[in-house]
Amino acid sequence: MEFISEIVNQLFHWIQSLGYFGIMIGLMVEVIPSEIVLAYGGYLVFTGHINFFGAVLFGTIGGVVAQIFVYWIGRYGGRPVLERYGKYIFIHKKQIDASEAWFNKYGTGVIFTARFIPIVRHAISIPAGMSRMHLGKFTLLTTLAVIPWTFLFVYLGHYLGAKWETIDEVAGPYVTPILLVALALLIVYFLMKWVKSKKRGINS
């Protein structure tokens, strides 16, 4: 455990030395969970190493690129590759099953809302790639979800300052309202699709 802790500490020092690019790359490779990387980015804002909006910008870029990478794996590697090698990017069979079920049930609109659901958040890009969802639409919905998530954890890391490592204890009450808004938007999305299908039925 001490060895693992030392590796993690070295990674944080590496992120600090690279500044904005450290946050971006840290999110792209996702050796450490994104919430922790972003909270640490907020801590770097607190210490004056970087500024807030730069951290949010590069955090958003890193988060989106990471999901596009998973999307391409799903598109060109498929489920067998992910079941075999997904563990190396912290994606396991349970997450793949859950994300695939969500995607099949709710369609492409779930790419936005699922970003706020713990079990499927990192894996929802897989069925999007497997179904060959349009990359432009995927990137747009992913970006719209990553922005508030990035903003929240950078803000919390900045707010906590030297206590940024307690992010898991603090984040819950903030994440819940975002999840509720995301679910509300998903309901609106389905209502719009329903109304559109009704209009098509009337006009046909």
# chains A, B, ... in the order shown; residues from 1 in each chain; ligands from 1
$ residues_around --residues "His158 (chain A)" --least-positions-apart "5" --cutoff "8 Å" --atoms "only C-alpha atoms" --output "list of chain:residue names"
A:Ala39, A:Gly41, A:Gly42, A:Tyr43, A:Leu44, A:Val45, A:Phe46, A:Trp164
$ write_last_selection --atoms "C-alpha atoms" --output "compact mmCIF listing (two decimals), in the first residue's frame"
# COMPACT_ATOMS: atom_id res chain seq x y z
CA ALA A 39 -10.03 18.34 -7.26
CA GLY A 41 -6.44 20.89 -10.12
CA GLY A 42 -8.64 23.03 -7.89
CA TYR A 43 -6.02 22.77 -5.17
CA LEU A 44 -3.39 24.01 -7.65
CA VAL A 45 -5.67 26.98 -8.34
CA PHE A 46 -5.84 27.55 -4.57
CA TRP A 164 -8.89 18.80 -1.12
$ residues_around --residues "region 119-132 of chain A" --least-positions-apart "5" --cutoff "8 Å" --atoms "only C-alpha atoms" --output "list of chain:residue names"
A:Gln67, A:Ile68, A:Val70, A:Tyr71, A:Trp72, A:Ile73, A:Gly74, A:Arg75, A:Tyr76, A:Gly78, A:Arg79, A:Ile91, A:Gln95, A:Ile96, A:Ala98, A:Ser99, A:Glu100, A:Phe103, A:Thr108, A:Ile111, A:Ala114, A:Phe138
$ write_last_selection --atoms "C-alpha atoms" --output "mmCIF file, in the first residue's frame"
data_model
loop_
_atom_site.group_PDB
_atom_site.id
_atom_site.type_symbol
_atom_site.label_atom_id
_atom_site.label_comp_id
_atom_site.auth_asym_id
_atom_site.auth_seq_id
_atom_site.Cartn_x
_atom_site.Cartn_y
_atom_site.Cartn_z
ATOM 1 C CA GLN A 67 -14.187 9.487 -23.671
ATOM 2 C CA ILE A 68 -13.518 9.745 -27.408
ATOM 3 C CA VAL A 70 -13.165 4.822 -25.187
ATOM 4 C CA TYR A 71 -15.665 5.488 -27.994
ATOM 5 C CA TRP A 72 -13.088 4.438 -30.611
ATOM 6 C CA ILE A 73 -12.266 1.294 -28.663
ATOM 7 C CA GLY A 74 -15.962 0.409 -28.626
ATOM 8 C CA ARG A 75 -16.312 1.194 -32.316
ATOM 9 C CA TYR A 76 -13.287 -0.694 -33.618
ATOM 10 C CA GLY A 78 -16.043 -4.116 -29.735
ATOM 11 C CA ARG A 79 -17.126 -5.842 -26.568
ATOM 12 C CA ILE A 91 -13.786 -0.405 -17.050
ATOM 13 C CA GLN A 95 -20.042 -1.356 -16.146
ATOM 14 C CA ILE A 96 -20.157 -2.519 -19.771
ATOM 15 C CA ALA A 98 -25.038 -1.552 -17.342
ATOM 16 C CA SER A 99 -24.005 1.077 -19.900
ATOM 17 C CA GLU A 100 -25.128 -1.095 -22.804
ATOM 18 C CA PHE A 103 -27.917 2.977 -24.133
ATOM 19 C CA THR A 108 -28.185 8.536 -27.790
ATOM 20 C CA ILE A 111 -24.700 10.068 -23.455
ATOM 21 C CA ALA A 114 -25.200 8.981 -17.928
ATOM 22 C CA PHE A 138 -21.271 12.081 -29.327
#
$ select_by_dssp --residues "region 24-174 of chain A" --states "alpha helix (DSSP H)" --output "MDAnalysis selection string"
chainID A and resid 24:29 34:47 52:76 78:85 93:106 110:113 125:130 135:160 167:174
$ residues_around --residues "Thr60 (chain A)" --least-positions-apart "6" --cutoff "8 Å" --atoms "only C-alpha atoms" --output "PyMOL selection string"
chain A and resi 24+143+146-147+150
$ write_last_selection --atoms "N, CA, C and O atoms" --output "PDB file, in the first residue's frame"
ATOM      1  N   MET A  24      -4.858  17.844 -17.991  1.00  0.00           N
ATOM      2  CA  MET A  24      -5.417  17.289 -19.219  1.00  0.00           C
ATOM      3  C   MET A  24      -4.943  15.857 -19.452  1.00  0.00           C
ATOM      4  O   MET A  24      -5.758  14.955 -19.696  1.00  0.00           O
ATOM      5  N   THR A 143     -19.217  16.746 -24.280  1.00  0.00           N
ATOM      6  CA  THR A 143     -18.672  18.039 -23.845  1.00  0.00           C
ATOM      7  C   THR A 143     -19.642  18.770 -22.937  1.00  0.00           C
ATOM      8  O   THR A 143     -19.249  19.331 -21.901  1.00  0.00           O
ATOM      9  N   VAL A 146     -19.381  17.082 -19.605  1.00  0.00           N
ATOM     10  CA  VAL A 146     -18.068  17.185 -18.949  1.00  0.00           C
ATOM     11  C   VAL A 146     -17.842  18.582 -18.364  1.00  0.00           C
ATOM     12  O   VAL A 146     -17.222  18.724 -17.303  1.00  0.00           O
ATOM     13  N   ILE A 147     -18.363  19.616 -19.013  1.00  0.00           N
ATOM     14  CA  ILE A 147     -18.131  20.995 -18.548  1.00  0.00           C
ATOM     15  C   ILE A 147     -18.621  21.208 -17.108  1.00  0.00           C
ATOM     16  O   ILE A 147     -17.848  21.645 -16.251  1.00  0.00           O
ATOM     17  N   THR A 150     -16.535  19.086 -14.628  1.00  0.00           N
ATOM     18  CA  THR A 150     -15.192  19.644 -14.440  1.00  0.00           C
ATOM     19  C   THR A 150     -15.242  20.888 -13.567  1.00  0.00           C
ATOM     20  O   THR A 150     -14.453  21.044 -12.627  1.00  0.00           O
TER      21      THR A 150
END
$ closest_residue --among "A:Val29, A:Lys137, A:Ile50, A:Leu18" --to "Val110 (chain A)" --atoms "only C-alpha atoms"
A:Lys137
